[in-house]
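File shown here: my_file22.cif, holding mmCIF, C-alpha atoms.
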data_data
#
loop_
_atom_site.group_PDB
_atom_site.id
_atom_site.type_symbol
_atom_site.label_atom_id
_atom_site.label_comp_id
_atom_site.auth_asym_id
_atom_site.auth_seq_id
_atom_site.Cartn_x
_atom_site.Cartn_y
_atom_site.Cartn_z
ATOM 1 C CA MET O 21 -8.051 17.734 25.588
ATOM 2 C CA LYS O 22 -11.371 16.085 26.513
ATOM 3 C CA ARG O 23 -13.180 18.931 24.845
ATOM 4 C CA GLU O 24 -11.217 18.302 21.632
ATOM 5 C CA GLN O 25 -12.076 14.605 21.713
ATOM 6 C CA ASN O 26 -15.783 15.407 22.144
ATOM 7 C CA ARG O 27 -15.747 17.787 19.196
ATOM 8 C CA LEU O 28 -13.676 15.557 16.919
ATOM 9 C CA ALA O 29 -14.393 11.985 17.937
ATOM 10 C CA ILE O 30 -12.350 9.276 16.209
ATOM 11 C CA ASP O 31 -12.987 5.679 17.178
ATOM 12 C CA ILE O 32 -9.527 4.117 17.324
ATOM 13 C CA PRO O 33 -10.580 0.436 16.890
ATOM 14 C CA THR O 34 -12.591 1.353 13.793
ATOM 15 C CA LEU O 35 -9.657 3.354 12.427
ATOM 16 C CA ALA O 36 -7.307 0.404 13.014
ATOM 17 C CA ALA O 37 -9.767 -1.947 11.303
ATOM 18 C CA ILE O 38 -10.064 0.341 8.278
ATOM 19 C CA SER O 39 -6.267 0.631 8.162
ATOM 20 C CA THR O 40 -5.987 -3.167 8.180
ATOM 21 C CA ILE O 41 -8.508 -3.538 5.367
ATOM 22 C CA ALA O 42 -6.809 -0.864 3.272
ATOM 23 C CA TRP O 43 -3.356 -2.423 3.649
ATOM 24 C CA VAL O 44 -4.508 -5.988 2.999
ATOM 25 C CA LEU O 45 -6.282 -4.950 -0.201
ATOM 26 C CA VAL O 46 -3.336 -2.830 -1.375
ATOM 27 C CA ASN O 47 -0.925 -5.718 -0.886
ATOM 28 C CA VAL O 48 -3.274 -8.237 -2.500
ATOM 29 C CA SER O 49 -3.680 -5.848 -5.445
ATOM 30 C CA HIS O 50 0.091 -5.746 -5.865
ATOM 31 C CA GLU O 51 1.151 -9.349 -5.301
ATOM 32 C CA ILE O 52 -1.861 -11.460 -6.273
ATOM 33 C CA ILE O 53 -3.977 -9.411 -8.681
ATOM 34 C CA GLY O 54 -0.937 -7.667 -10.180
ATOM 35 C CA HIS O 55 2.023 -10.040 -10.396
ATOM 36 C CA ALA O 56 0.219 -13.392 -10.102
ATOM 37 C CA GLY O 57 -2.731 -12.231 -12.196
ATOM 38 C CA ALA O 58 -0.450 -11.115 -15.040
ATOM 39 C CA ALA O 59 1.367 -14.459 -14.965
ATOM 40 C CA VAL O 60 -1.911 -16.393 -15.125
ATOM 41 C CA LEU O 61 -3.134 -14.296 -18.060
ATOM 42 C CA LEU O 62 0.128 -15.067 -19.868
ATOM 43 C CA GLY O 63 -0.252 -18.788 -19.192
ATOM 44 C CA ILE O 64 2.695 -18.941 -16.791
ATOM 45 C CA PRO O 65 2.287 -21.142 -13.680
ATOM 46 C CA VAL O 66 2.162 -19.432 -10.293
ATOM 47 C CA MET O 67 3.687 -21.741 -7.680
ATOM 48 C CA ALA O 68 2.656 -19.770 -4.598
ATOM 49 C CA VAL O 69 1.400 -16.420 -3.366
ATOM 50 C CA SER O 70 1.921 -14.853 0.039
ATOM 51 C CA THR O 71 1.968 -11.465 1.729
ATOM 52 C CA THR O 72 5.453 -10.770 0.363
ATOM 53 C CA THR O 73 5.586 -12.326 -3.088
ATOM 54 C CA ALA O 74 4.030 -14.087 -6.027
ATOM 55 C CA HIS O 75 6.311 -17.090 -6.594
ATOM 56 C CA ILE O 76 6.232 -17.677 -10.349
ATOM 57 C CA SER O 77 7.777 -20.439 -12.482
ATOM 58 C CA TRP O 78 10.341 -18.180 -14.090
ATOM 59 C CA ASP O 79 11.902 -21.095 -15.974
ATOM 60 C CA GLN O 80 8.717 -21.162 -18.038
ATOM 61 C CA VAL O 81 8.904 -17.482 -18.934
ATOM 62 C CA PHE O 82 10.377 -17.626 -22.418
ATOM 63 C CA SER O 83 9.879 -13.979 -23.364
ATOM 64 C CA VAL O 84 11.517 -10.857 -21.981
ATOM 65 C CA ALA O 85 8.273 -9.018 -22.755
ATOM 66 C CA ALA O 86 6.346 -11.465 -20.562
ATOM 67 C CA MET O 87 8.855 -11.008 -17.742
ATOM 68 C CA ARG O 88 8.539 -7.232 -17.966
ATOM 69 C CA THR O 89 4.749 -7.449 -17.979
ATOM 70 C CA ILE O 90 4.757 -9.525 -14.795
ATOM 71 C CA MET O 91 7.285 -7.247 -13.079
ATOM 72 C CA ALA O 92 5.375 -4.073 -13.966
ATOM 73 C CA ALA O 93 1.915 -5.442 -13.186
ATOM 74 C CA GLY O 94 2.114 -5.018 -9.406
ATOM 75 C CA THR O 95 2.910 -1.308 -9.533
ATOM 76 C CA VAL O 96 0.493 -0.698 -12.402
ATOM 77 C CA MET O 97 -2.310 -2.341 -10.417
ATOM 78 C CA ASN O 98 -1.501 -0.152 -7.396
ATOM 79 C CA LEU O 99 -1.634 2.951 -9.573
ATOM 80 C CA LEU O 100 -4.930 1.987 -11.223
ATOM 81 C CA THR O 101 -6.685 1.059 -7.983
ATOM 82 C CA GLY O 102 -5.192 4.042 -6.152
ATOM 83 C CA MET O 103 -6.493 6.414 -8.829
ATOM 84 C CA ALA O 104 -9.901 4.705 -8.761
ATOM 85 C CA ALA O 105 -10.060 5.269 -4.994
ATOM 86 C CA LEU O 106 -9.236 8.946 -5.520
ATOM 87 C CA ILE O 107 -12.057 9.282 -8.062
ATOM 88 C CA PHE O 108 -14.527 7.755 -5.612
ATOM 89 C CA LEU O 109 -13.140 10.017 -2.892
ATOM 90 C CA ARG O 110 -13.646 13.056 -5.104
ATOM 91 C CA PHE O 111 -17.183 12.327 -6.227
ATOM 92 C CA GLY O 112 -18.548 10.046 -3.501
ATOM 93 C CA ARG O 113 -19.596 12.818 -1.166
ATOM 94 C CA GLN O 114 -22.606 10.894 0.134
ATOM 95 C CA VAL O 115 -20.709 7.838 1.399
ATOM 96 C CA SER O 116 -20.092 7.344 5.107
ATOM 97 C CA SER O 117 -17.139 8.858 6.933
ATOM 98 C CA ALA O 118 -15.709 5.334 7.434
ATOM 99 C CA ALA O 119 -15.859 4.649 3.698
ATOM 100 C CA ARG O 120 -14.088 7.943 3.005
ATOM 101 C CA TYR O 121 -11.409 6.996 5.547
ATOM 102 C CA PHE O 122 -10.958 3.724 3.671
ATOM 103 C CA LEU O 123 -10.722 5.386 0.253
ATOM 104 C CA TRP O 124 -8.185 7.890 1.579
ATOM 105 C CA LEU O 125 -5.999 5.248 3.222
ATOM 106 C CA PHE O 126 -6.281 2.840 0.296
ATOM 107 C CA SER O 127 -5.197 5.497 -2.211
ATOM 108 C CA THR O 128 -2.408 6.738 0.087
ATOM 109 C CA PHE O 129 -1.031 3.246 0.731
ATOM 110 C CA SER O 130 -1.266 2.393 -2.981
ATOM 111 C CA PHE O 131 0.731 5.435 -4.040
ATOM 112 C CA ILE O 132 3.370 4.911 -1.343
ATOM 113 C CA ILE O 133 4.022 1.364 -2.617
ATOM 114 C CA ALA O 134 4.057 2.509 -6.250
ATOM 115 C CA ALA O 135 6.386 5.427 -5.471
ATOM 116 C CA MET O 136 8.731 3.158 -3.521
ATOM 117 C CA ASN O 137 9.034 0.710 -6.404
ATOM 118 C CA LEU O 138 9.555 3.410 -9.018
ATOM 119 C CA THR O 139 12.024 5.595 -7.119
ATOM 120 C CA SER O 140 13.916 4.445 -4.030
ATOM 121 C CA ALA O 141 13.990 0.760 -4.982
ATOM 122 C CA MET O 142 15.313 1.725 -8.396
ATOM 123 C CA LEU O 143 17.960 3.978 -6.878
ATOM 124 C CA ILE O 144 19.394 1.122 -4.792
ATOM 125 C CA GLY O 145 19.150 -1.364 -7.665
ATOM 126 C CA ALA O 146 16.374 -3.508 -6.204
ATOM 127 C CA GLY O 147 12.711 -4.252 -6.760
ATOM 128 C CA ASP O 148 10.392 -5.034 -9.646
ATOM 129 C CA TRP O 149 11.497 -2.265 -11.956
ATOM 130 C CA THR O 150 15.166 -3.122 -11.690
ATOM 131 C CA GLU O 151 14.201 -6.544 -13.044
ATOM 132 C CA PHE O 152 12.082 -4.790 -15.677
ATOM 133 C CA LEU O 153 15.257 -3.132 -17.024
ATOM 134 C CA ILE O 154 16.973 -6.419 -17.918
ATOM 135 C CA GLU O 155 18.135 -6.284 -21.553
ATOM 136 C CA LEU O 156 16.548 -2.857 -21.965
ATOM 137 C CA GLU O 157 19.062 -0.469 -23.548
ATOM 138 C CA PRO O 158 20.256 2.158 -23.012
ATOM 139 C CA ARG O 159 19.772 1.061 -19.437
ATOM 140 C CA SER O 160 20.772 4.357 -17.791
ATOM 141 C CA ARG O 161 18.295 6.324 -19.894
ATOM 142 C CA TRP O 162 15.415 3.988 -19.140
ATOM 143 C CA LYS O 163 16.297 4.006 -15.452
ATOM 144 C CA THR O 164 16.200 7.805 -15.453
ATOM 145 C CA ILE O 165 12.801 7.779 -17.180
ATOM 146 C CA ILE O 166 11.336 5.322 -14.668
ATOM 147 C CA ILE O 167 12.676 7.278 -11.701
ATOM 148 C CA GLY O 168 11.286 10.483 -13.234
ATOM 149 C CA ILE O 169 7.866 8.860 -13.483
ATOM 150 C CA GLY O 170 8.311 7.710 -9.888
ATOM 151 C CA VAL O 171 9.015 11.261 -8.708
ATOM 152 C CA LEU O 172 5.804 12.429 -10.394
ATOM 153 C CA VAL O 173 3.864 9.554 -8.794
ATOM 154 C CA THR O 174 5.413 10.420 -5.419
ATOM 155 C CA LEU O 175 4.341 14.064 -5.614
ATOM 156 C CA LEU O 176 0.833 13.398 -6.900
ATOM 157 C CA GLY O 177 0.356 10.455 -4.550
ATOM 158 C CA TYR O 178 1.271 12.646 -1.607
ATOM 159 C CA VAL O 179 -0.648 15.774 -2.586
ATOM 160 C CA LEU O 180 -3.935 14.487 -4.042
ATOM 161 C CA PRO O 181 -5.196 12.305 -1.152
ATOM 162 C CA LEU O 182 -4.456 15.100 1.323
ATOM 163 C CA ARG O 183 -6.032 17.729 -0.912
ATOM 164 C CA LEU O 184 -9.189 15.663 -1.386
ATOM 165 C CA TRP O 185 -9.763 14.493 2.186
ATOM 166 C CA MET O 186 -7.653 15.840 5.059
ATOM 167 C CA PRO O 187 -8.827 19.193 6.489
ATOM 168 C CA ASP O 188 -6.659 21.686 8.314
ATOM 169 C CA LEU O 189 -6.103 20.073 11.715
ATOM 170 C CA LYS O 190 -3.682 22.550 13.267
ATOM 171 C CA SER O 191 -6.093 22.988 16.162
ATOM 172 C CA TYR O 192 -6.588 19.240 16.421
ATOM 173 C CA ARG O 193 -3.072 17.881 16.656
ATOM 174 C CA ARG O 194 -4.126 14.780 18.554
ATOM 175 C CA ALA O 195 -6.632 13.908 15.836
ATOM 176 C CA GLN O 196 -4.001 14.437 13.149
ATOM 177 C CA TRP O 197 -1.554 12.152 14.940
ATOM 178 C CA SER O 198 -4.278 9.539 15.275
ATOM 179 C CA ILE O 199 -5.261 9.447 11.602
ATOM 180 C CA THR O 200 -1.652 9.298 10.421
ATOM 181 C CA LEU O 201 0.320 7.322 13.011
ATOM 182 C CA ILE O 202 -2.316 4.676 13.772
ATOM 183 C CA PRO O 203 -2.699 3.587 10.113
ATOM 184 C CA VAL O 204 1.073 3.365 9.665
ATOM 185 C CA GLY O 205 1.541 1.496 12.938
ATOM 186 C CA THR O 206 -1.339 -0.845 12.089
ATOM 187 C CA MET O 207 0.105 -1.576 8.653
ATOM 188 C CA MET O 208 3.498 -2.426 10.128
ATOM 189 C CA ILE O 209 2.013 -4.704 12.805
ATOM 190 C CA VAL O 210 -0.294 -6.498 10.357
ATOM 191 C CA GLN O 211 2.459 -7.063 7.794
ATOM 192 C CA SER O 212 4.988 -8.178 10.425
ATOM 193 C CA LEU O 213 2.559 -10.675 11.977
ATOM 194 C CA SER O 214 1.830 -12.097 8.534
ATOM 195 C CA LEU O 215 5.510 -13.058 8.221
ATOM 196 C CA ILE O 216 5.250 -15.557 11.083
ATOM 197 C CA GLY O 217 5.385 -18.965 9.460
ATOM 198 C CA SER O 218 6.171 -17.596 6.013
ATOM 199 C CA PRO O 219 8.210 -20.089 3.957
ATOM 200 C CA PHE O 220 9.824 -17.191 2.154
ATOM 201 C CA LEU O 221 11.867 -16.241 5.224
ATOM 202 C CA LEU O 222 13.701 -19.582 5.071
ATOM 203 C CA PRO O 223 16.484 -20.743 2.725
ATOM 204 C CA PRO O 224 16.846 -20.531 -0.217
ATOM 205 C CA PHE O 225 14.987 -17.212 -0.013
ATOM 206 C CA GLY O 226 16.765 -16.061 3.127
ATOM 207 C CA ALA O 227 15.901 -12.798 4.838
ATOM 208 C CA SER O 228 15.313 -10.762 1.669
ATOM 209 C CA HIS O 229 11.544 -10.694 2.167
ATOM 210 C CA LEU O 230 11.942 -9.419 5.725
ATOM 211 C CA LEU O 231 14.339 -6.732 4.537
ATOM 212 C CA ALA O 232 11.883 -5.751 1.812
ATOM 213 C CA CYS O 233 9.183 -5.255 4.450
ATOM 214 C CA VAL O 234 11.472 -3.116 6.614
ATOM 215 C CA PHE O 235 12.399 -1.101 3.530
ATOM 216 C CA ALA O 236 8.692 -0.483 2.869
ATOM 217 C CA TYR O 237 8.037 0.490 6.500
ATOM 218 C CA LEU O 238 10.562 3.324 6.214
ATOM 219 C CA HIS O 239 8.539 4.904 3.415
ATOM 220 C CA PHE O 240 5.320 4.832 5.435
ATOM 221 C CA ILE O 241 7.091 6.324 8.449
ATOM 222 C CA LEU O 242 8.518 9.095 6.264
ATOM 223 C CA TRP O 243 5.035 9.836 4.914
ATOM 224 C CA ALA O 244 3.633 10.122 8.455
ATOM 225 C CA ILE O 245 6.430 12.486 9.467
ATOM 226 C CA LEU O 246 5.926 14.737 6.448
ATOM 227 C CA VAL O 247 2.155 14.925 6.899
ATOM 228 C CA ASN O 248 2.580 15.988 10.517
ATOM 229 C CA ILE O 249 5.254 18.639 9.960
ATOM 230 C CA ILE O 250 4.024 20.132 6.656
ATOM 231 C CA PRO O 251 0.624 21.876 6.976
ATOM 232 C CA VAL O 252 -0.233 21.751 3.254
ATOM 233 C CA PRO O 253 -1.966 20.606 1.138
ATOM 234 C CA ARG O 254 -5.314 20.350 2.885
ATOM 235 C CA THR O 255 -8.957 20.349 1.852
ATOM 236 C CA LYS O 256 -11.212 23.256 2.876
ATOM 237 C CA THR O 257 -13.807 21.022 4.491
ATOM 238 C CA PRO O 258 -14.282 21.522 8.252
ATOM 239 C CA PRO O 259 -12.381 19.262 10.669
ATOM 240 C CA GLN O 260 -15.678 17.778 11.866
ATOM 241 C CA SER O 261 -16.024 16.092 8.456
ATOM 242 C CA ILE O 262 -13.496 13.414 9.460
ATOM 243 C CA GLN O 263 -15.172 12.334 12.687
ATOM 244 C CA LEU O 264 -15.292 8.549 12.807
ATOM 245 C CA PRO O 265 -17.947 6.821 14.933
ATOM 246 C CA ARG O 266 -17.745 3.168 15.987
ATOM 247 C CA SER O 267 -18.691 0.824 13.128
ATOM 248 C CA ASN O 268 -19.179 -2.852 13.947
ATOM 249 C CA ALA O 269 -19.328 -3.725 10.236
ATOM 250 C CA TRP O 270 -15.852 -2.305 9.587
ATOM 251 C CA LEU O 271 -14.545 -3.881 12.798
ATOM 252 C CA TRP O 272 -15.710 -7.368 11.830
ATOM 253 C CA LEU O 273 -14.497 -7.001 8.250
ATOM 254 C CA GLY O 274 -11.094 -5.904 9.557
ATOM 255 C CA ILE O 275 -10.890 -8.902 11.890
ATOM 256 C CA ILE O 276 -11.876 -11.362 9.151
ATOM 257 C CA LEU O 277 -9.386 -9.971 6.621
ATOM 258 C CA ALA O 278 -6.642 -9.887 9.259
ATOM 259 C CA LEU O 279 -7.207 -13.574 10.078
ATOM 260 C CA VAL O 280 -7.094 -14.500 6.389
ATOM 261 C CA TYR O 281 -3.956 -12.423 5.968
ATOM 262 C CA PHE O 282 -2.213 -13.989 8.991
ATOM 263 C CA PHE O 283 -3.227 -17.623 8.645
ATOM 264 C CA VAL O 284 -3.810 -18.118 4.907
ATOM 265 C CA LEU O 285 -1.738 -15.652 2.907
ATOM 266 C CA GLY O 286 1.024 -15.369 5.511
ATOM 267 C CA PRO O 287 2.119 -19.043 5.272
ATOM 268 C CA GLY O 288 1.413 -18.853 1.542
ATOM 269 C CA ILE O 289 -1.044 -20.508 -0.819
ATOM 270 C CA GLY O 290 0.718 -23.101 -2.942
ATOM 271 C CA SER O 291 4.246 -24.456 -2.725
ATOM 272 C CA ALA O 292 7.391 -22.406 -2.251
ATOM 273 C CA GLY O 293 9.531 -25.396 -3.214
#

Taking this structure as input, can you express it in the form of structure tokens?
Amino acid sequence: MKREQNRLAIDIPTLAAISTIAWVLVNVSHEIIGHAGAAVLLGIPVMAVSTTTAHISWDQVFSVAAMRTIMAAGTVMNLLTGMAALIFLRFGRQVSSAARYFLWLFSTFSFIIAAMNLTSAMLIGAGDWTEFLIELEPRSRWKTIIIGIGVLVTLLGYVLPLRLWMPDLKSYRRAQWSITLIPVGTMMIVQSLSLIGSPFLLPPFGASHLLACVFAYLHFILWAILVNIIPVPRTKTPPQSIQLPRSNAWLWLGIILALVYFFVLGPGIGSAG
């Protein structure tokens, strides 16, 4: 086992920091740049933003089209930024191994969130796209179309990041567990800690935001299970290509973003009243 670690060294603190950065930026892309940004562009006041929601003045949304734009914007932003990360991952061969880790995790996290909103959330009648369907007829047909798009996003979002970055690690099981389980565990810890002090866990919002987080966690756990039990797809690059040395720059950036996420975005910017 020591021999494997020497040949395929992965610095766990750096990996956790990169995982933190990737998740924070994915969530900010969804809630703040996506939902809140669309509302601002439409001239609709945003009362507050946090790590679980963009609290918008819905009583000032006088158009169903505007409502649909705001609801769709979070997922659309995740898809756009996730695809951009994949493009950089494909053509940015000269960037550092840490940067490639970040691009891989950012694209993977982005597609998991997008797939969740377009498929499983729709199937249980929850989430942004269920709201998107209001007054859209025939409702059942549109729901089927959105779920179909979600299935396509799920497949591509699972296959492409693995095909572009993860090598065959069947002889390096410990390394494979590290690069899959640590990011998922880090994401869950970071998001859960951000809920401490959140006004959106109190009445009148209740526990819905906590349940939404738990619902999201299940999708990340499922992804980690699938990656570890299914050996394909994989890139043909050698396993040594994913070695991750200690990076103080990524460590400090991860700490700074985590503190902002916990103590600024967690309690929310603005008023939840």

Could you give me, as a Markdown table, every region 25-105 of chain O residue with an atom at most 9 Å from region 134-143 of chain O, plus its closest atom pair and distance in Å to one decimal, counting all atoms listed in the file, rows ordered by chain then number?
| residue | atom | partner | partner_atom | distance |
| --- | --- | --- | --- | --- |
| O:Gly94 | CA | O:Ala134 | CA | 8.4 |
| O:Thr95 | CA | O:Ala134 | CA | 5.2 |
| O:Val96 | CA | O:Ala134 | CA | 7.8 |
| O:Asn98 | CA | O:Ala134 | CA | 6.3 |
| O:Leu99 | CA | O:Ala134 | CA | 6.6 |

**OP:** List the neighbours of Pro253 (chain O) out to 8 Å using all atoms listed in the file; skip same-chain residues closer than 4 positions along the sequence, and give me the result as an MDAnalysis selection string.
**Re:** chainID O and resid 179 182:183

Original post:
Mind pulling up the distance from CA of Ile245 (chain O) to CA of Gln260 (chain O)?
Top reply: 22.9 Å

**OP:** Identify, on the basis of all atoms listed in the file, every residue whose closest approach to region 194-200 of chain O does not exceed 12 Å; exclude the query and any residue fewer than 4 positions from it along the same chain; express the result as a PyMOL selection string.
**Re:** chain O and resi 21-36+38-39+118+121-122+124-125+128-129+182+185-190+204-207+240-251+254+259-260+262-264

Store the residues picked out above, limited to C-alpha atoms, as an mmCIF file, keeping the file's coordinate frame.
data_model
loop_
_atom_site.group_PDB
_atom_site.id
_atom_site.type_symbol
_atom_site.label_atom_id
_atom_site.label_comp_id
_atom_site.auth_asym_id
_atom_site.auth_seq_id
_atom_site.Cartn_x
_atom_site.Cartn_y
_atom_site.Cartn_z
ATOM 1 C CA MET O 21 -8.051 17.734 25.588
ATOM 2 C CA LYS O 22 -11.371 16.085 26.513
ATOM 3 C CA ARG O 23 -13.180 18.931 24.845
ATOM 4 C CA GLU O 24 -11.217 18.302 21.632
ATOM 5 C CA GLN O 25 -12.076 14.605 21.713
ATOM 6 C CA ASN O 26 -15.783 15.407 22.144
ATOM 7 C CA ARG O 27 -15.747 17.787 19.196
ATOM 8 C CA LEU O 28 -13.676 15.557 16.919
ATOM 9 C CA ALA O 29 -14.393 11.985 17.937
ATOM 10 C CA ILE O 30 -12.350 9.276 16.209
ATOM 11 C CA ASP O 31 -12.987 5.679 17.178
ATOM 12 C CA ILE O 32 -9.527 4.117 17.324
ATOM 13 C CA PRO O 33 -10.580 0.436 16.890
ATOM 14 C CA THR O 34 -12.591 1.353 13.793
ATOM 15 C CA LEU O 35 -9.657 3.354 12.427
ATOM 16 C CA ALA O 36 -7.307 0.404 13.014
ATOM 17 C CA ILE O 38 -10.064 0.341 8.278
ATOM 18 C CA SER O 39 -6.267 0.631 8.162
ATOM 19 C CA ALA O 118 -15.709 5.334 7.434
ATOM 20 C CA TYR O 121 -11.409 6.996 5.547
ATOM 21 C CA PHE O 122 -10.958 3.724 3.671
ATOM 22 C CA TRP O 124 -8.185 7.890 1.579
ATOM 23 C CA LEU O 125 -5.999 5.248 3.222
ATOM 24 C CA THR O 128 -2.408 6.738 0.087
ATOM 25 C CA PHE O 129 -1.031 3.246 0.731
ATOM 26 C CA LEU O 182 -4.456 15.100 1.323
ATOM 27 C CA TRP O 185 -9.763 14.493 2.186
ATOM 28 C CA MET O 186 -7.653 15.840 5.059
ATOM 29 C CA PRO O 187 -8.827 19.193 6.489
ATOM 30 C CA ASP O 188 -6.659 21.686 8.314
ATOM 31 C CA LEU O 189 -6.103 20.073 11.715
ATOM 32 C CA LYS O 190 -3.682 22.550 13.267
ATOM 33 C CA VAL O 204 1.073 3.365 9.665
ATOM 34 C CA GLY O 205 1.541 1.496 12.938
ATOM 35 C CA THR O 206 -1.339 -0.845 12.089
ATOM 36 C CA MET O 207 0.105 -1.576 8.653
ATOM 37 C CA PHE O 240 5.320 4.832 5.435
ATOM 38 C CA ILE O 241 7.091 6.324 8.449
ATOM 39 C CA LEU O 242 8.518 9.095 6.264
ATOM 40 C CA TRP O 243 5.035 9.836 4.914
ATOM 41 C CA ALA O 244 3.633 10.122 8.455
ATOM 42 C CA ILE O 245 6.430 12.486 9.467
ATOM 43 C CA LEU O 246 5.926 14.737 6.448
ATOM 44 C CA VAL O 247 2.155 14.925 6.899
ATOM 45 C CA ASN O 248 2.580 15.988 10.517
ATOM 46 C CA ILE O 249 5.254 18.639 9.960
ATOM 47 C CA ILE O 250 4.024 20.132 6.656
ATOM 48 C CA PRO O 251 0.624 21.876 6.976
ATOM 49 C CA ARG O 254 -5.314 20.350 2.885
ATOM 50 C CA PRO O 259 -12.381 19.262 10.669
ATOM 51 C CA GLN O 260 -15.678 17.778 11.866
ATOM 52 C CA ILE O 262 -13.496 13.414 9.460
ATOM 53 C CA GLN O 263 -15.172 12.334 12.687
ATOM 54 C CA LEU O 264 -15.292 8.549 12.807
#

**OP:** Work out how far CA of Ile276 (chain O) is from CA of Ala292 (chain O), in Å to one decimal.
**Re:** 25.0 Å

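Applied to the file shown here, the PyMOL selection byres ((chain O and resi 103-109) around 8) selects the residues Leu99, Leu100, Thr101, Gly102, Arg110, Phe111, Gly112, Arg113, Arg120, Leu123, Trp124, Phe126, Ser127, Leu180, Pro181, Leu184 and Trp185 of chain O.
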
Original post:
Which residues match the PyMOL selection byres ((chain O and resi 282) around 9) in the file above, as a PyMOL selection string?
Top reply: chain O and resi 71+210-211+213-216+277-281+283-287

**OP:** Grab the CA of Phe152 (chain O) to CA of Leu238 (chain O) distance for me, in Å with one decimal place.
**Re:**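 Separation between CA of Phe152 (chain O) and CA of Leu238 (chain O): 23.4 Å.
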
Can you tell me which residues surround Ile289 (chain O) at a distance of at most 9 Å, considering all atoms listed in the file, apart from same-chain residues fewer than 6 positions away, and format the answer as a PDB file with C-alpha atoms, in the frame of the given file?
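So the final result, stored in part-v8.pdb, reads:
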ATOM      1  CA  MET O  67       3.687 -21.741  -7.680  1.00  0.00           C
ATOM      2  CA  ALA O  68       2.656 -19.770  -4.598  1.00  0.00           C
ATOM      3  CA  VAL O  69       1.400 -16.420  -3.366  1.00  0.00           C
ATOM      4  CA  SER O  70       1.921 -14.853   0.039  1.00  0.00           C
TER       5      SER O  70
END

**OP:** Skip Ser77 (chain O) itself and residues of its chain fewer than 3 positions away, then list as a ChimeraX atom specification all residues within 9 Å of it, counting only C-alpha atoms.
**Re:** /O:64-67,80-81

Just the selected residues (C-alpha atoms), exported as a PDB file, in the coordinates of the input, please.
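And here is the file that came out, out33.pdb:
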ATOM      1  CA  ILE O  64       2.695 -18.941 -16.791  1.00  0.00           C
ATOM      2  CA  PRO O  65       2.287 -21.142 -13.680  1.00  0.00           C
ATOM      3  CA  VAL O  66       2.162 -19.432 -10.293  1.00  0.00           C
ATOM      4  CA  MET O  67       3.687 -21.741  -7.680  1.00  0.00           C
ATOM      5  CA  GLN O  80       8.717 -21.162 -18.038  1.00  0.00           C
ATOM      6  CA  VAL O  81       8.904 -17.482 -18.934  1.00  0.00           C
TER       7      VAL O  81
END

Grab all the atoms of region 95-98 of chain O that the file lists, wrap them in a box along x, y and z, add 8 Å per side, and give me centre plus edge lengths in Å (one decimal) as lines of an AutoDock Vina configuration file.
center_x = 0.3
center_y = -1.2
center_z = -9.9
size_x = 21.2
size_y = 18.2
size_z = 21.0

May I have the protein, DNA and RNA residues with any atom at most 9 Å from the point (9.9, -14.3, -4.0), counting only C-alpha atoms, written as a compact mmCIF listing (two decimals) with C-alpha atoms, keeping the file's coordinate frame?
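Okay, this is what ended up in part-v2.txt:
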# COMPACT_ATOMS: atom_id res chain seq x y z
CA VAL O 69 1.40 -16.42 -3.37
CA SER O 70 1.92 -14.85 0.04
CA THR O 72 5.45 -10.77 0.36
CA THR O 73 5.59 -12.33 -3.09
CA ALA O 74 4.03 -14.09 -6.03
CA HIS O 75 6.31 -17.09 -6.59
CA ILE O 76 6.23 -17.68 -10.35
CA PHE O 220 9.82 -17.19 2.15
CA PHE O 225 14.99 -17.21 -0.01
CA SER O 228 15.31 -10.76 1.67
CA HIS O 229 11.54 -10.69 2.17
CA ALA O 292 7.39 -22.41 -2.25

Subject >> Shell of 12 Å around Ser160 (chain O), all atoms listed in the file, local chain residues under 4 positions omitted, as a PyMOL selection string >> reply: chain O and resi 142-143+145+150+153-156+164-167

**OP:** Could you check which of O:Ile133, O:Ala146, O:Ala232, O:Leu61 is closest to Thr174 (chain O), using only C-alpha atoms?
**Re:** O:Ile133
